[in-house]
Every structure is written in structure tokens, then in C-alpha cells.
>>> print(open('start-v3.txt').read())   # compact mmCIF, C-alpha atoms
# COMPACT_ATOMS: atom_id res chain seq x y z
CA MET B 1 -13.64 11.91 -24.21
CA ARG B 2 -10.41 10.75 -25.77
CA ARG B 3 -8.50 13.71 -24.31
CA LYS B 4 -9.75 12.89 -20.85
CA ARG B 5 -8.60 9.27 -21.14
CA THR B 6 -5.18 10.39 -22.38
CA ALA B 7 -4.84 12.78 -19.45
CA GLN B 8 -5.82 10.02 -17.03
CA LEU B 9 -3.27 7.65 -18.54
CA ALA B 10 -0.55 10.30 -18.36
CA LEU B 11 -1.37 11.00 -14.70
CA ALA B 12 -1.25 7.29 -13.89
CA ALA B 13 2.07 6.86 -15.70
CA VAL B 14 3.71 9.79 -13.93
CA LEU B 15 2.46 8.63 -10.53
CA CYS B 16 3.64 5.08 -11.26
CA ALA B 17 7.09 6.43 -12.09
CA LEU B 18 7.09 8.45 -8.87
CA ALA B 19 5.97 5.42 -6.86
CA VAL B 20 8.74 3.27 -8.36
CA THR B 21 11.22 6.01 -7.48
CA VAL B 22 9.91 6.01 -3.91
CA MET B 23 10.29 2.23 -3.80
CA MET B 24 13.92 2.59 -4.94
CA LEU B 25 14.62 4.66 -1.83
CA GLY B 26 14.04 1.54 0.26
CA GLY B 27 17.58 0.42 -0.52
CA LEU B 28 19.15 3.69 0.58
CA ILE B 29 17.52 4.22 3.95
CA PRO B 30 17.28 1.18 6.26
CA ALA B 31 14.00 2.19 7.95
CA ALA B 32 12.44 2.84 4.54
CA THR B 33 11.72 -0.86 4.10
CA PHE B 34 8.32 -0.29 5.67
CA CYS B 35 7.83 3.41 4.87
CA CYS B 36 8.35 3.22 1.10
CA PRO B 37 5.50 0.75 0.41
CA MET B 38 3.13 2.97 2.39
CA LEU B 39 4.21 6.10 0.54
CA ALA B 40 3.84 4.30 -2.78
CA GLY B 41 0.37 3.21 -1.64
CA PHE B 42 -0.51 6.84 -0.95
CA LEU B 43 0.43 7.68 -4.54
CA THR B 44 -2.31 5.40 -5.85
CA ILE B 45 -4.99 7.63 -4.32
CA PRO B 46 -4.99 10.18 -7.20
CA ILE B 47 -5.07 7.33 -9.70
CA LEU B 48 -8.04 5.80 -7.91
CA CYS B 49 -9.87 9.16 -7.74
CA GLU B 50 -9.20 10.21 -11.33
CA CYS B 51 -9.09 6.95 -13.25
CA GLY B 52 -11.01 4.40 -11.22
CA ALA B 53 -10.22 1.09 -9.55
CA GLY B 54 -9.22 -0.72 -12.75
CA MET B 55 -6.48 1.74 -13.62
CA ALA B 56 -5.37 1.86 -9.97
CA LEU B 57 -4.97 -1.94 -9.96
CA CYS B 58 -3.01 -1.75 -13.22
CA ALA B 59 -0.79 0.88 -11.63
CA TRP B 60 -0.29 -1.37 -8.59
CA ALA B 61 0.72 -4.24 -10.88
CA ALA B 62 3.19 -2.06 -12.82
CA ILE B 63 4.73 -0.63 -9.64
CA SER B 64 4.97 -4.11 -8.12
CA ILE B 65 6.65 -5.64 -11.15
CA LEU B 66 9.12 -2.79 -11.56
CA SER B 67 9.91 -2.73 -7.83
CA CYS B 68 10.54 -6.47 -7.76
CA LEU B 69 12.75 -6.33 -10.84
CA LEU B 70 14.65 -3.10 -10.23
CA GLY B 71 14.38 -2.41 -6.52
CA PRO B 72 17.40 -2.99 -4.31
CA ASP B 73 15.24 -3.87 -1.29
CA LYS B 74 13.33 -7.05 -2.09
CA GLU B 75 11.58 -7.01 1.28
CA ALA B 76 10.02 -3.59 0.54
CA ALA B 77 9.07 -4.75 -2.95
CA ALA B 78 7.40 -7.86 -1.55
CA ILE B 79 5.50 -5.81 1.03
CA TYR B 80 4.21 -3.54 -1.72
CA LEU B 81 3.37 -6.54 -3.89
CA PHE B 82 1.19 -8.05 -1.16
CA LEU B 83 -0.27 -4.84 0.34
CA GLY B 84 -0.11 -2.21 -2.42
CA TRP B 85 -3.62 -3.05 -3.61
CA TYR B 86 -5.13 -2.22 -0.22
CA PRO B 87 -5.93 1.47 -1.04
CA VAL B 88 -8.08 0.20 -3.92
CA LEU B 89 -9.86 -2.36 -1.74
CA ARG B 90 -10.45 -0.01 1.22
CA PRO B 91 -13.52 1.79 -0.23
CA LYS B 92 -15.22 -1.58 -0.70
CA LEU B 93 -14.46 -2.57 2.90
CA GLU B 94 -15.93 0.68 4.21
CA LYS B 95 -19.40 -0.59 3.26
CA LEU B 96 -19.23 -3.30 5.94
CA ARG B 97 -20.39 -2.86 9.53
CA GLN B 98 -17.79 -1.60 11.98
CA PRO B 99 -16.65 -4.62 14.04
CA LEU B 100 -16.52 -6.88 11.00
CA ARG B 101 -14.78 -4.21 8.91
CA PHE B 102 -12.02 -3.66 11.48
CA LEU B 103 -11.42 -7.38 11.98
CA LEU B 104 -11.40 -8.05 8.25
CA LYS B 105 -8.86 -5.28 7.66
CA LEU B 106 -6.57 -6.70 10.35
CA LEU B 107 -7.02 -10.20 8.94
CA ILE B 108 -6.07 -8.99 5.46
CA PHE B 109 -2.98 -7.25 6.81
CA ASN B 110 -1.81 -10.17 8.93
CA CYS B 111 -2.40 -12.71 6.15
CA ALA B 112 -0.43 -10.50 3.76
CA VAL B 113 2.44 -10.12 6.25
CA PHE B 114 2.62 -13.86 6.87
CA ALA B 115 2.49 -14.51 3.11
CA VAL B 116 5.26 -11.97 2.43
CA TYR B 117 7.63 -13.35 5.02
CA SER B 118 6.82 -16.97 4.19
CA LEU B 119 7.67 -16.24 0.58
CA LEU B 120 10.86 -14.39 1.48
CA LEU B 121 12.07 -16.97 4.00
CA PHE B 122 10.95 -20.30 2.62
CA VAL B 123 10.63 -19.83 -1.14
CA LEU B 124 13.28 -17.22 -1.92
CA GLY B 125 15.47 -18.18 1.04
CA LEU B 126 16.76 -14.73 1.99
CA GLU B 127 19.48 -15.66 4.48
CA SER B 128 19.98 -12.07 5.66
CA LEU B 129 16.34 -11.91 6.70
CA ARG B 130 16.55 -15.31 8.38
CA ALA B 131 19.62 -14.15 10.34
CA GLU B 132 17.88 -10.91 11.31
CA PHE B 133 14.85 -12.82 12.60
CA SER B 134 16.95 -15.30 14.56
CA ASP B 135 18.84 -12.41 16.21
CA MET B 136 15.59 -10.72 17.21
CA GLY B 137 14.07 -13.57 19.18
CA LYS B 138 10.44 -14.66 19.32
CA ILE B 139 9.27 -11.94 21.71
CA MET B 140 10.71 -9.18 19.53
CA LEU B 141 9.11 -10.70 16.44
CA LEU B 142 5.74 -10.64 18.22
CA VAL B 143 6.32 -7.03 19.30
CA THR B 144 7.22 -6.14 15.71
CA LEU B 145 4.02 -7.75 14.45
CA VAL B 146 1.91 -5.86 17.00
CA LEU B 147 3.62 -2.59 16.06
CA GLY B 148 3.06 -3.40 12.39
CA ASN B 149 -0.64 -3.81 13.10
CA GLY B 150 -0.64 -0.42 14.81
CA ILE B 151 1.08 1.21 11.85
CA PHE B 152 -1.42 -0.44 9.51
CA ILE B 153 -4.30 0.98 11.57
CA LEU B 154 -2.72 4.44 11.23
CA PHE B 155 -2.25 3.87 7.50
CA ASP B 156 -5.92 2.92 7.21
CA PHE B 157 -6.86 6.02 9.22
CA VAL B 158 -4.83 8.34 6.97
CA LEU B 159 -5.96 6.92 3.59
CA PRO B 160 -9.51 8.36 3.55
CA ARG B 161 -8.24 11.71 4.82
CA LEU B 162 -5.68 11.93 2.04
CA GLU B 163 -8.37 11.02 -0.47
CA LEU B 164 -10.62 13.74 0.90
CA LEU B 165 -7.73 16.22 0.83
CA TYR B 166 -6.98 15.31 -2.77
CA ARG B 167 -10.60 15.64 -3.84
CA CYS B 168 -11.06 18.99 -2.07
CA ARG B 169 -7.77 20.48 -3.26
CA PHE B 170 -7.51 19.23 -6.82
CA ARG B 171 -11.12 18.44 -7.65
CA PRO B 172 -13.18 21.15 -5.87
CA HIS B 173 -15.92 21.09 -8.52
CA LEU B 174 -16.91 17.61 -7.30
CA TRP B 175 -17.87 19.06 -3.90
CA ARG B 176 -20.18 21.83 -5.11
>>> encode(input="start-v3.txt", output="C-alpha cells")
Amino acid sequence: MRRKRTAQLALAAVLCALAVTVMMLGGLIPAATFCCPMLAGFLTIPILCECGAGMALCAWAAISILSCLLGPDKEAAAIYLFLGWYPVLRPKLEKLRQPLRFLLKLLIFNCAVFAVYSLLLFVLGLESLRAEFSDMGKIMLLVTLVLGNGIFILFDFVLPRLELLYRCRFRPHLWR
């Protein structure tokens, strides 16, 4: 029993380190601001499958703290901070009926996005982000939000498939 727990902790630690490394890439590649938090979210799937929701939430907290402290892209770190726990919550939401489930998922995403950008603009006062938003115009901001919702729907579509792929590939004895 103790060996299993040690192996789970080691897996979680290695995947946390990999997720923090992925989050560091957000400062190197401009489009990675939105891609890196999703990729780091995908890395919590093995932790959730092997160690459970508690360890996955601890991993999310560790990745969030390290990304906020060390990451060059604070916008990507804030997005992960507010949405990185979603892969852990998703199995609970799957128990709801379809129209309510879909609307609740979109509500969670939009509330998180508004919270992230409110924090970045009004609390932290990131002037570069404020200048970027003023250059875009209101219509482009709305288009960006709609596209973000579409990407979130794709993210939500891919999560259970990656979990199934992980379970079938690395844990085939669970499917016998």
C-alpha cells in the first residue's frame, strides 16, 4: 500500500513539473497564452485517474502557484489558476442532464474568463493588456469571447477522450 502511494506521489510530482514547464512556454510563443493552460490541464488527467480528485486538486494548486510566481506570461498563469481545476470538476458535471450540463459548463467558463480579466485589468492593472483590449475594439473582444467559448467546447470534448485513451493504453487491466 505504501509503495503504491509513493508511486502515485512521484507520478503527480513529475507531471506537475512537466505542466509548469509547459506553462513557462507561454512566454516564448505569443499564441501559447491560451494553449499552455489547456495543455497543462490535459496533464492533470493521469493524476486524476491514478491518484484521485484530491491529489489532482493539489497538483492544480502547485502548478498554479509556481506558474504565477515563475511564469513569464501572467495572463496564461491567471487563466490556468481560474480554469485549471476544470478537468477535476468535469466528471461531476457529467452526471447532470444534458441541457443543464452544457449551460453550466459555459457559465463556469465565462465566469472564470470574466474573473481572470477583471483581476488582470482592475486589480493588477496590466497596462499592456489594457492597451491590447483598447486596440481590438468592442466587436473584436466579443468575437474573441465567442471563439474562446468554442475552444472551451472543444477542450471539453477532448478531455473525456484523452482520459479514455489514458485508461486503455496505460491501465488496460481496468477494462477487462
>>> closest_residue(input="start-v3.txt", among="B:Arg161, B:Lys74, B:Arg5, B:Arg169", to="Phe42 of chain B", atoms="all atoms listed in the file")
B:Arg161
>>> closest_residue(input="start-v3.txt", among="B:Val146, B:Cys168, B:Leu39, B:Leu96", to="Leu18 of chain B", atoms="all atoms listed in the file")
B:Leu39
>>> atom_distance(input="start-v3.txt", atom1="atom CA of Tyr117 of chain B", atom2="atom CA of Ala12 of chain B")
29.4 Å
>>> closest_residue(input="start-v3.txt", among="B:Val158, B:Asp73, B:Ala115, B:Ala78", to="Leu28 of chain B", atoms="only C-alpha atoms")
B:Asp73
>>> residues_around(input="start-v3.txt", residues="Gln8 of chain B", least_positions_apart="2", cutoff="12 Å", atoms="all atoms listed in the file", output="list in words")
Met1, Arg2, Arg3, Lys4, Arg5, Thr6, Ala10, Leu11, Ala12, Ala13, Val14, Leu15, Pro46, Ile47, Leu48, Cys49, Glu50, Cys51, Gly52, Met55, Ala56 and Ala59 of chain B
>>> closest_residue(input="start-v3.txt", among="B:Val143, B:Thr33, B:Phe122, B:Asn110", to="Pro72 of chain B", atoms="all atoms listed in the file")
B:Thr33
>>> atom_distance(input="start-v3.txt", atom1="atom CA of Leu145 of chain B", atom2="atom CA of Cys111 of chain B")
11.6 Å
>>> atom_distance(input="start-v3.txt", atom1="atom CA of Met38 of chain B", atom2="atom CA of Leu165 of chain B")
17.2 Å
>>> build_atoms(input="start-v3.txt", residues="segment 118-133 of chain B", atoms="N, CA and C atoms", output="PDB file, in the frame of the given file")
ATOM      1  N   SER B 118       6.696 -15.563   4.577  1.00  0.00           N
ATOM      2  CA  SER B 118       6.820 -16.970   4.190  1.00  0.00           C
ATOM      3  C   SER B 118       7.474 -17.093   2.826  1.00  0.00           C
ATOM      4  N   LEU B 119       7.065 -16.246   1.908  1.00  0.00           N
ATOM      5  CA  LEU B 119       7.670 -16.240   0.580  1.00  0.00           C
ATOM      6  C   LEU B 119       9.151 -15.887   0.652  1.00  0.00           C
ATOM      7  N   LEU B 120       9.474 -14.835   1.403  1.00  0.00           N
ATOM      8  CA  LEU B 120      10.860 -14.390   1.480  1.00  0.00           C
ATOM      9  C   LEU B 120      11.758 -15.402   2.186  1.00  0.00           C
ATOM     10  N   LEU B 121      11.242 -16.045   3.223  1.00  0.00           N
ATOM     11  CA  LEU B 121      12.070 -16.970   4.000  1.00  0.00           C
ATOM     12  C   LEU B 121      12.135 -18.370   3.413  1.00  0.00           C
ATOM     13  N   PHE B 122      10.986 -18.896   2.994  1.00  0.00           N
ATOM     14  CA  PHE B 122      10.950 -20.300   2.620  1.00  0.00           C
ATOM     15  C   PHE B 122      11.038 -20.555   1.120  1.00  0.00           C
ATOM     16  N   VAL B 123      10.562 -19.629   0.316  1.00  0.00           N
ATOM     17  CA  VAL B 123      10.630 -19.830  -1.140  1.00  0.00           C
ATOM     18  C   VAL B 123      11.900 -19.194  -1.708  1.00  0.00           C
ATOM     19  N   LEU B 124      12.107 -17.913  -1.397  1.00  0.00           N
ATOM     20  CA  LEU B 124      13.280 -17.220  -1.920  1.00  0.00           C
ATOM     21  C   LEU B 124      14.532 -17.463  -1.075  1.00  0.00           C
ATOM     22  N   GLY B 125      14.346 -17.838   0.171  1.00  0.00           N
ATOM     23  CA  GLY B 125      15.470 -18.180   1.040  1.00  0.00           C
ATOM     24  C   GLY B 125      16.416 -17.018   1.312  1.00  0.00           C
ATOM     25  N   LEU B 126      15.909 -15.877   1.677  1.00  0.00           N
ATOM     26  CA  LEU B 126      16.760 -14.730   1.990  1.00  0.00           C
ATOM     27  C   LEU B 126      17.461 -14.974   3.329  1.00  0.00           C
ATOM     28  N   GLU B 127      18.731 -15.310   3.271  1.00  0.00           N
ATOM     29  CA  GLU B 127      19.480 -15.660   4.480  1.00  0.00           C
ATOM     30  C   GLU B 127      19.685 -14.449   5.389  1.00  0.00           C
ATOM     31  N   SER B 128      19.803 -13.263   4.814  1.00  0.00           N
ATOM     32  CA  SER B 128      19.980 -12.070   5.660  1.00  0.00           C
ATOM     33  C   SER B 128      18.732 -11.833   6.506  1.00  0.00           C
ATOM     34  N   LEU B 129      17.578 -12.075   5.950  1.00  0.00           N
ATOM     35  CA  LEU B 129      16.340 -11.910   6.700  1.00  0.00           C
ATOM     36  C   LEU B 129      16.205 -13.001   7.759  1.00  0.00           C
ATOM     37  N   ARG B 130      16.603 -14.200   7.413  1.00  0.00           N
ATOM     38  CA  ARG B 130      16.550 -15.310   8.380  1.00  0.00           C
ATOM     39  C   ARG B 130      17.486 -15.017   9.557  1.00  0.00           C
ATOM     40  N   ALA B 131      18.677 -14.492   9.276  1.00  0.00           N
ATOM     41  CA  ALA B 131      19.620 -14.150  10.340  1.00  0.00           C
ATOM     42  C   ALA B 131      19.089 -13.013  11.203  1.00  0.00           C
ATOM     43  N   GLU B 132      18.464 -12.037  10.568  1.00  0.00           N
ATOM     44  CA  GLU B 132      17.880 -10.910  11.310  1.00  0.00           C
ATOM     45  C   GLU B 132      16.766 -11.396  12.241  1.00  0.00           C
ATOM     46  N   PHE B 133      15.933 -12.292  11.766  1.00  0.00           N
ATOM     47  CA  PHE B 133      14.850 -12.820  12.600  1.00  0.00           C
ATOM     48  C   PHE B 133      15.372 -13.686  13.740  1.00  0.00           C
TER      49      PHE B 133
END
